[in-house]
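Student: Sending over target.json (JSON, C-alpha atoms).
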```json
[["chain", "number", "residue", "atom", "x", "y", "z"],
["A", 1, "MET", "CA", 87.38, 91.07, 127.82],
["A", 2, "PRO", "CA", 84.92, 89.49, 125.36],
["A", 3, "TYR", "CA", 82.91, 91.82, 123.12],
["A", 4, "VAL", "CA", 79.77, 90.49, 121.42],
["A", 5, "THR", "CA", 77.74, 92.30, 118.77],
["A", 6, "VAL", "CA", 74.20, 91.14, 118.08],
["A", 7, "LYS", "CA", 72.70, 92.50, 114.85],
["A", 8, "MET", "CA", 68.97, 92.09, 114.44],
["A", 9, "LEU", "CA", 65.96, 93.70, 112.87],
["A", 10, "GLU", "CA", 64.18, 96.33, 114.92],
["A", 11, "GLY", "CA", 60.98, 95.50, 116.72],
["A", 12, "ARG", "CA", 61.97, 93.65, 119.90],
["A", 13, "THR", "CA", 60.68, 94.88, 123.24],
["A", 14, "GLU", "CA", 62.97, 96.19, 125.96],
["A", 15, "GLU", "CA", 62.19, 93.03, 127.96],
["A", 16, "GLN", "CA", 63.30, 90.82, 125.04],
["A", 17, "LYS", "CA", 66.54, 92.79, 124.63],
["A", 18, "LYS", "CA", 67.22, 92.60, 128.36],
["A", 19, "ALA", "CA", 66.73, 88.81, 128.33],
["A", 20, "LEU", "CA", 68.96, 88.51, 125.25],
["A", 21, "VAL", "CA", 71.78, 90.46, 126.88],
["A", 22, "GLU", "CA", 71.53, 88.41, 130.08],
["A", 23, "LYS", "CA", 71.61, 85.06, 128.25],
["A", 24, "VAL", "CA", 74.38, 86.05, 125.84],
["A", 25, "THR", "CA", 76.45, 87.31, 128.75],
["A", 26, "ALA", "CA", 75.94, 84.07, 130.68],
["A", 27, "ALA", "CA", 76.79, 81.90, 127.66],
["A", 28, "VAL", "CA", 79.95, 83.84, 126.82],
["A", 29, "SER", "CA", 81.06, 83.87, 130.44],
["A", 30, "GLU", "CA", 80.49, 80.12, 130.78],
["A", 31, "THR", "CA", 82.21, 79.13, 127.54],
["A", 32, "SER", "CA", 85.14, 81.54, 127.71],
["A", 33, "ASN", "CA", 85.71, 81.46, 131.46],
["A", 34, "ALA", "CA", 85.47, 85.26, 131.52],
["A", 35, "PRO", "CA", 83.84, 86.92, 134.52],
["A", 36, "VAL", "CA", 80.37, 88.26, 133.68],
["A", 37, "GLU", "CA", 81.50, 91.76, 134.60],
["A", 38, "ASN", "CA", 84.00, 91.61, 131.71],
["A", 39, "VAL", "CA", 81.50, 90.58, 129.02],
["A", 40, "VAL", "CA", 80.33, 93.47, 126.82],
["A", 41, "VAL", "CA", 77.27, 93.06, 124.57],
["A", 42, "PHE", "CA", 76.28, 95.51, 121.84],
["A", 43, "ILE", "CA", 72.85, 95.36, 120.20],
["A", 44, "GLU", "CA", 72.65, 96.86, 116.73],
["A", 45, "GLU", "CA", 69.10, 97.18, 115.49],
["A", 46, "MET", "CA", 68.55, 97.53, 111.77],
["A", 47, "PRO", "CA", 65.46, 99.11, 110.21],
["A", 48, "LYS", "CA", 63.56, 96.63, 108.05],
["A", 49, "ASN", "CA", 64.15, 98.82, 104.99],
["A", 50, "HIS", "CA", 67.94, 98.39, 105.45],
["A", 51, "TYR", "CA", 67.87, 94.57, 105.26],
["A", 52, "ALA", "CA", 67.12, 92.42, 102.24],
["A", 53, "VAL", "CA", 67.23, 88.75, 101.28],
["A", 54, "ALA", "CA", 66.97, 87.50, 97.69],
["A", 55, "GLY", "CA", 66.57, 91.05, 96.41],
["A", 56, "LYS", "CA", 63.57, 91.88, 98.60],
["A", 57, "ARG", "CA", 63.65, 94.25, 101.56],
["A", 58, "PHE", "CA", 61.89, 93.08, 104.70],
["A", 59, "SER", "CA", 59.94, 96.35, 104.73],
["A", 60, "ASP", "CA", 58.44, 95.45, 101.34],
["A", 61, "GLN", "CA", 57.11, 92.07, 102.42]]
```
If you convert what's in this file into structure tokens, what do you get?
Tutor:
Amino acid sequence: MPYVTVKMLEGRTEEQKKALVEKVTAAVSETSNAPVENVVVFIEEMPKNHYAVAGKRFSDQ
């Protein structure tokens, strides 16, 4: 049973997250030969003040 974790910054709509889960599930199923009902997708949303690149938080930009 494949497990996929997608980490991304908060701010996507429910429709975007739904589309993401559907496409990730299809891609994993196709490439791993796993039935779609066995593919598990977790979405972890991070607040912009918990993510930084080059010493600058996204919330400060």
Student: Let me make sure I understand: among A:Ala26, A:Leu20, A:Thr5, A:Lys56, which one has the smallest atom-to-atom distance to A:Asn38 if we use only C-alpha atoms?
Tutor: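 Looking at the shortest contact to A:Asn38, the residue is A:Ala26.
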Student: To one decimal place in Å, what is the distance between atom CA of A:Val24 and atom CA of A:Arg57?
Tutor: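 The value is 27.8 Å.
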Student: Under the rule that all atoms listed in the file are counted, which of A:Pro35, A:Val4, A:Met46, A:Arg12 is the nearest residue to A:Phe58?
Tutor: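 Among A:Pro35, A:Val4, A:Met46, A:Arg12, it is A:Met46 that comes nearest to A:Phe58.
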Student: Just the number, please: distance in Å from atom CA of A:Glu30 to atom CA of A:Met1, one decimal.
Tutor: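 A separation of 13.3 Å between them.
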Student: Nearest to A:Lys18: which of A:Thr31, A:Phe42, A:Gly55, A:Tyr3 is it, counting all atoms listed in the file?
Tutor: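 Looking at the shortest contact to A:Lys18, the residue is A:Phe42.
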Student: Quick one, how far is atom CA of A:Asn49 from atom CA of A:Glu10?
Tutor: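 Atom CA of A:Glu10 lies at a distance of 10.2 Å from atom CA of A:Asn49.
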Student: When distances are computed from all atoms listed in the file, which of A:Asn33, A:Gln16, A:Thr25, A:Gln61 shows the smallest separation from A:Lys48?
Tutor: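 Among the listed residues, A:Gln61 lies closest to A:Lys48.
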Student: Missing atoms in stretch 19-34 of chain A need filling: write out N, CA and C atoms for it as a JSON list (two decimals), in the frame of the given file.
Tutor:
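Okay, this is what ended up in selection.json:
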```
[["chain", "number", "residue", "atom", "x", "y", "z"],
["A", 19, "ALA", "N", 66.54, 90.26, 128.21],
["A", 19, "ALA", "CA", 66.73, 88.81, 128.33],
["A", 19, "ALA", "C", 67.85, 88.33, 127.41],
["A", 20, "LEU", "N", 67.91, 88.87, 126.20],
["A", 20, "LEU", "CA", 68.96, 88.51, 125.25],
["A", 20, "LEU", "C", 70.33, 88.83, 125.81],
["A", 21, "VAL", "N", 70.49, 90.04, 126.33],
["A", 21, "VAL", "CA", 71.78, 90.46, 126.88],
["A", 21, "VAL", "C", 72.18, 89.57, 128.06],
["A", 22, "GLU", "N", 71.22, 89.26, 128.92],
["A", 22, "GLU", "CA", 71.53, 88.41, 130.08],
["A", 22, "GLU", "C", 71.98, 87.02, 129.65],
["A", 23, "LYS", "N", 71.28, 86.42, 128.68],
["A", 23, "LYS", "CA", 71.61, 85.06, 128.25],
["A", 23, "LYS", "C", 72.90, 85.00, 127.45],
["A", 24, "VAL", "N", 73.13, 86.00, 126.59],
["A", 24, "VAL", "CA", 74.38, 86.05, 125.84],
["A", 24, "VAL", "C", 75.55, 86.22, 126.80],
["A", 25, "THR", "N", 75.39, 87.10, 127.76],
["A", 25, "THR", "CA", 76.45, 87.31, 128.75],
["A", 25, "THR", "C", 76.76, 86.02, 129.50],
["A", 26, "ALA", "N", 75.74, 85.33, 129.95],
["A", 26, "ALA", "CA", 75.94, 84.07, 130.68],
["A", 26, "ALA", "C", 76.63, 83.02, 129.81],
["A", 27, "ALA", "N", 76.20, 82.90, 128.56],
["A", 27, "ALA", "CA", 76.79, 81.90, 127.66],
["A", 27, "ALA", "C", 78.26, 82.20, 127.37],
["A", 28, "VAL", "N", 78.57, 83.46, 127.11],
["A", 28, "VAL", "CA", 79.95, 83.84, 126.82],
["A", 28, "VAL", "C", 80.82, 83.66, 128.06],
["A", 29, "SER", "N", 80.31, 84.04, 129.20],
["A", 29, "SER", "CA", 81.06, 83.87, 130.44],
["A", 29, "SER", "C", 81.35, 82.39, 130.70],
["A", 30, "GLU", "N", 80.34, 81.56, 130.54],
["A", 30, "GLU", "CA", 80.49, 80.12, 130.78],
["A", 30, "GLU", "C", 81.47, 79.47, 129.82],
["A", 31, "THR", "N", 81.38, 79.81, 128.54],
["A", 31, "THR", "CA", 82.21, 79.13, 127.54],
["A", 31, "THR", "C", 83.61, 79.69, 127.43],
["A", 32, "SER", "N", 83.81, 80.94, 127.84],
["A", 32, "SER", "CA", 85.14, 81.54, 127.71],
["A", 32, "SER", "C", 85.85, 81.69, 129.05],
["A", 33, "ASN", "N", 85.15, 81.34, 130.12],
["A", 33, "ASN", "CA", 85.71, 81.46, 131.46],
["A", 33, "ASN", "C", 85.99, 82.91, 131.84],
["A", 34, "ALA", "N", 85.31, 83.84, 131.19],
["A", 34, "ALA", "CA", 85.47, 85.26, 131.52],
["A", 34, "ALA", "C", 84.45, 85.64, 132.59]]
```
